[in-house]
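Okay, structure first, notes after.
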Amino acid sequence: MEKQRILKEAQIIASQFSFWMVSGNIAHLYGAVYETSKQKFIIEVKFDETFPHAPPQIILHQEIKDLLGDINLDKIKNWTPDSRVVDIIKELKDKIQSALSGTAKIVEDLGPIQPPVEKLEEYITPDYSKYPAEEISLQQDSFITPDYYEEEKPKEESFQSPKPEMQSFTEEAFTMPLEVITELGLIQMEYPIDQKEKNKADINVYLTITLEKTFIIEIDFNNYPEKPIITFPEEVINLLGEPKKVLNLLKKWNSKSPPHIVELIREIENKLFFVKDIEVQFKKISGEYQAEPIEGNISKLNVHLLTYGFKEYDLEVDISKYPNPPVLHYSPELNSLIQISPSKLDSINSWIPKQSEVVDILREISWLVDKNSRVNFEINLLKGGIDELQFDAFTNTINLKMKGKMKTENIIFEFQAILPPNYPMNPPELKVLNEFEDKIHEPIKKKLETSIQQFFDDWTPFTYLIDLFNTISKKIFEVSVISCVICHQIQCPDGACKLPIASADDNQCRTECPYCERLYHKHCWDQTISSFGKCGFCLKTPPPHMMP
């Protein structure tokens, strides 16, 4: 069926005769071919799939049949694809006028005829009950309800999108201009609508974008071809903006050559089509994170991220610009924790339209939340045992100092740990910042660096910074231990003792000269004083209480 050709024929007919559409169906016209003060001669024109290769079906109402009987029209008999339907109607009108003229002549010859007792009723609306059931079904299925409406909806879905009852057009409806009537018919061919006021071109259009979402758009085009008044619901305004700012056809409207209203509706539908993509993105997000839509805005979600200690951080995700990156709004707590703006996220900087997904951005933020929460937890642990510690969250750098013991008691060991972006998957970069002036201390530095490297060789994501610096503290103690001034050994040579000269847990064997402060194993001190009576280093006699 060539709908544009039918529309053109209907416009020509309506410009010369009083015709209108039945139930808004442009392929079914109803009107008066000719009328007198007492009578209307009505026909119906039905276009089917064979038009224009075959003429339309012309249905004569009883008044014409009573006047003309069975007639054959030349315009139908000699029809070609280039013929005009209005010529058929004109031929029929001529035959009616001719027949009425002949009847008037007979009446003059016979004298006045008394009118019938019952007044002839004026026919106003088509009597739809007279149509066979199959004809009504054809009108509804082929011309009123768009075919896609049933095809796209899976049978198992329980969702029912609004499907307003179509209005029947009365003769009063066609006091509206032909242009308005035509626009109404074109809309009904593609979209389900209802009229806010009966017989007015002020309608609600139902745009079903997904099985879960239908938008109701209000359009008033009573003054067509002047610019129509279009009203979006709030959720559509949040998505697209105001109609006069976002609809190109509306911005470029020309009353002398206006677009069809149905073209405006198609533009709105195309702009709303991305709602399907939004639903897909929302489902992927909800599959991994706790999230809920923000009331009154179908493109925004509140997402909740959980981390150590089940602490919750919130952010708002706006996907209205999809397939471009979403707009993110951190809560103050989240912003303070991760300290990186959305524009600097790797997943946003590497975004590829129609390929990248919003959930990838949330994964990166969630990783930053977990990482920074763990780092904060670890820094607090370190501060509990190390007094001089500084942490720069912006550069993820830790600077700390540890005081030496015994042999290194005059040294402050300085360390710098730089956490990698993927910490704790990889270990930190650790440096010993000391520049030792005394050559005797260089072996200490080398031993520390060797111990640190051995620790990193065994690193896992479950290793903590506190473990690293506990290891360093023990190594500092080991390299700081002083050997005995007599035997030059750490452990006591007494087979019954074997304790070190110094120990972190005070389980040790040690005696100190009160004059030179040199350290001896107790066993070595007793032997030296018993043999010489003096300190083997300063050669001074110890006080009586230190004599063996």
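In the structure tokens, the first chain shown is A, the next is B, and so on; residue numbers restart at 1 for each chain, and ligands run from 1 in the order shown.
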Within 10 Å of segment 352-371 of chain A, which residues of segment 379-498 of chain A show up? Give each one with its shortest atom-to-atom distance in Å (one decimal) and the two atoms involved, counting only C-alpha atoms, rows by chain then rising residue number, as a tab-separated table.
residue	atom	partner	partner_atom	distance
A:Pro421	CA	A:Lys371	CA	9.0
A:Asn422	CA	A:Lys371	CA	8.1
A:Tyr423	CA	A:Lys371	CA	6.9
A:Pro424	CA	A:Lys371	CA	7.5
A:Met425	CA	A:Lys371	CA	9.8
Requested write-out: C-alpha atoms of the selected residues, as a compact mmCIF listing (two decimals), in the first residue's frame:
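Now in selection11.txt:
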# COMPACT_ATOMS: atom_id res chain seq x y z
CA PRO A 421 49.93 2.62 41.83
CA ASN A 422 48.96 -1.04 42.14
CA TYR A 423 50.00 -1.43 45.77
CA PRO A 424 49.74 -3.95 47.52
CA MET A 425 49.99 -6.17 44.44
Show which residues sit within 12 Å of Gly69 of chain A, as a PDB file with N, CA and C atoms, in the first residue's frame. Count only C-alpha atoms, and ignore same-chain residues fewer than 3 positions away.
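Dumped to result.pdb:
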ATOM      1  N   LEU A  60     -21.511   2.455  -1.764  1.00  0.00           N
ATOM      2  CA  LEU A  60     -22.630   3.390  -1.905  1.00  0.00           C
ATOM      3  C   LEU A  60     -23.610   3.175  -0.768  1.00  0.00           C
ATOM      4  N   HIS A  61     -23.982   4.263  -0.096  1.00  0.00           N
ATOM      5  CA  HIS A  61     -25.008   4.130   0.938  1.00  0.00           C
ATOM      6  C   HIS A  61     -26.394   4.072   0.297  1.00  0.00           C
ATOM      7  N   GLN A  62     -27.393   3.737   1.096  1.00  0.00           N
ATOM      8  CA  GLN A  62     -28.712   3.358   0.578  1.00  0.00           C
ATOM      9  C   GLN A  62     -29.363   4.469  -0.242  1.00  0.00           C
ATOM     10  N   GLU A  63     -29.137   5.739   0.142  1.00  0.00           N
ATOM     11  CA  GLU A  63     -29.770   6.839  -0.587  1.00  0.00           C
ATOM     12  C   GLU A  63     -29.384   6.822  -2.070  1.00  0.00           C
ATOM     13  N   ILE A  64     -28.094   6.529  -2.325  1.00  0.00           N
ATOM     14  CA  ILE A  64     -27.622   6.507  -3.710  1.00  0.00           C
ATOM     15  C   ILE A  64     -28.172   5.286  -4.441  1.00  0.00           C
ATOM     16  N   LYS A  65     -28.184   4.144  -3.737  1.00  0.00           N
ATOM     17  CA  LYS A  65     -28.712   2.924  -4.360  1.00  0.00           C
ATOM     18  C   LYS A  65     -30.180   3.108  -4.730  1.00  0.00           C
ATOM     19  N   ASP A  66     -30.934   3.743  -3.824  1.00  0.00           N
ATOM     20  CA  ASP A  66     -32.357   3.962  -4.123  1.00  0.00           C
ATOM     21  C   ASP A  66     -32.530   4.893  -5.323  1.00  0.00           C
ATOM     22  N   ASN A  72     -22.604   1.385 -13.135  1.00  0.00           N
ATOM     23  CA  ASN A  72     -21.198   1.161 -13.458  1.00  0.00           C
ATOM     24  C   ASN A  72     -20.571   2.510 -13.789  1.00  0.00           C
ATOM     25  N   LYS A  95     -23.909  11.926 -11.906  1.00  0.00           N
ATOM     26  CA  LYS A  95     -25.041  11.004 -12.114  1.00  0.00           C
ATOM     27  C   LYS A  95     -26.145  11.277 -11.099  1.00  0.00           C
ATOM     28  N   ILE A  96     -25.759  11.620  -9.845  1.00  0.00           N
ATOM     29  CA  ILE A  96     -26.762  11.918  -8.821  1.00  0.00           C
ATOM     30  C   ILE A  96     -27.522  13.193  -9.207  1.00  0.00           C
ATOM     31  N   ALA A  99     -29.822  12.468 -12.071  1.00  0.00           N
ATOM     32  CA  ALA A  99     -31.002  11.700 -11.657  1.00  0.00           C
ATOM     33  C   ALA A  99     -31.971  12.571 -10.887  1.00  0.00           C
TER      34      ALA A  99
END
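If you measure from each of A:Ser286, A:Gln454, A:Ser83, A:Thr36 to Gln97 of chain A using only C-alpha atoms, the closest one turns out to be A:Thr36.
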Would you kindly return, as JSON, numbers by chain, each protein, DNA or RNA residue with an atom no farther than 12 Å from any atom of segment 448-450 of chain A, considering only C-alpha atoms and excluding same-chain residues fewer than 5 positions away? {"A": [413, 414, 415, 429, 430, 431, 432, 433, 434, 441, 442, 443, 455, 456, 457, 468, 469, 471, 472, 473, 474, 475, 476, 477, 478, 479, 480]}
So which residues of segment 350-538 of chain A fall under alpha helix (DSSP H) by DSSP, listed as JSON, numbers by chain? {"A": [358, 359, 360, 361, 362, 363, 364, 365, 366, 367, 368, 369, 370, 371, 372, 373, 374, 375, 376, 377, 378, 379, 380, 381, 382, 383, 442, 443, 444, 445, 446, 447, 448, 449, 450, 451, 452, 453, 454, 455, 456, 457, 465, 466, 467, 468, 469, 470, 471, 472, 473, 474, 475, 476, 477, 478, 479, 480, 522, 523, 524, 525, 526, 527, 528, 529, 530, 531, 532]}
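Counting only C-alpha atoms, Ile268 of chain A has the following residues at most 10 Å away, ignoring those fewer than 4 positions along the same chain: A:Leu207, A:Ile217, A:Phe232, A:Val236, A:Leu240, A:Pro243, A:Val246, A:Leu247, A:Asn248, A:Val262, A:Glu263, A:Leu264, A:Leu272, A:Phe273.
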Could you write out the selected residues, including C-alpha atoms, as a PDB file, in the first residue's frame?
ATOM      1  CA  LEU A 207       6.641   6.222  23.122  1.00  0.00           C
ATOM      2  CA  ILE A 217       4.670  13.213  25.263  1.00  0.00           C
ATOM      3  CA  PHE A 232       7.987  16.743  27.962  1.00  0.00           C
ATOM      4  CA  VAL A 236      12.502  13.469  29.636  1.00  0.00           C
ATOM      5  CA  LEU A 240      17.106  15.788  26.810  1.00  0.00           C
ATOM      6  CA  PRO A 243      11.705  20.634  23.518  1.00  0.00           C
ATOM      7  CA  VAL A 246      16.712  20.149  21.620  1.00  0.00           C
ATOM      8  CA  LEU A 247      14.352  19.387  18.721  1.00  0.00           C
ATOM      9  CA  ASN A 248      15.903  20.484  15.434  1.00  0.00           C
ATOM     10  CA  VAL A 262       4.838  12.593  13.063  1.00  0.00           C
ATOM     11  CA  GLU A 263       8.363  13.625  12.000  1.00  0.00           C
ATOM     12  CA  LEU A 264       8.739  15.539  15.258  1.00  0.00           C
ATOM     13  CA  LEU A 272      15.247   8.741  23.557  1.00  0.00           C
ATOM     14  CA  PHE A 273      16.485   5.542  21.979  1.00  0.00           C
TER      15      PHE A 273
END
Rounded to one decimal in Å, what is the spacing between atom CA of Phe282 of chain A and atom CA of Leu306 of chain A? 18.5 Å
Could you pull out the residues in segment 303-490 of chain A that DSSP calls strand (DSSP E) from the backbone, as a PyMOL selection string? chain A and resi 303-306+312-318+327-330+389-392+397-403+412-418+429-432
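You will find atom CA of Arg518 of chain A at 28.7 Å from atom CA of Asn470 of chain A.
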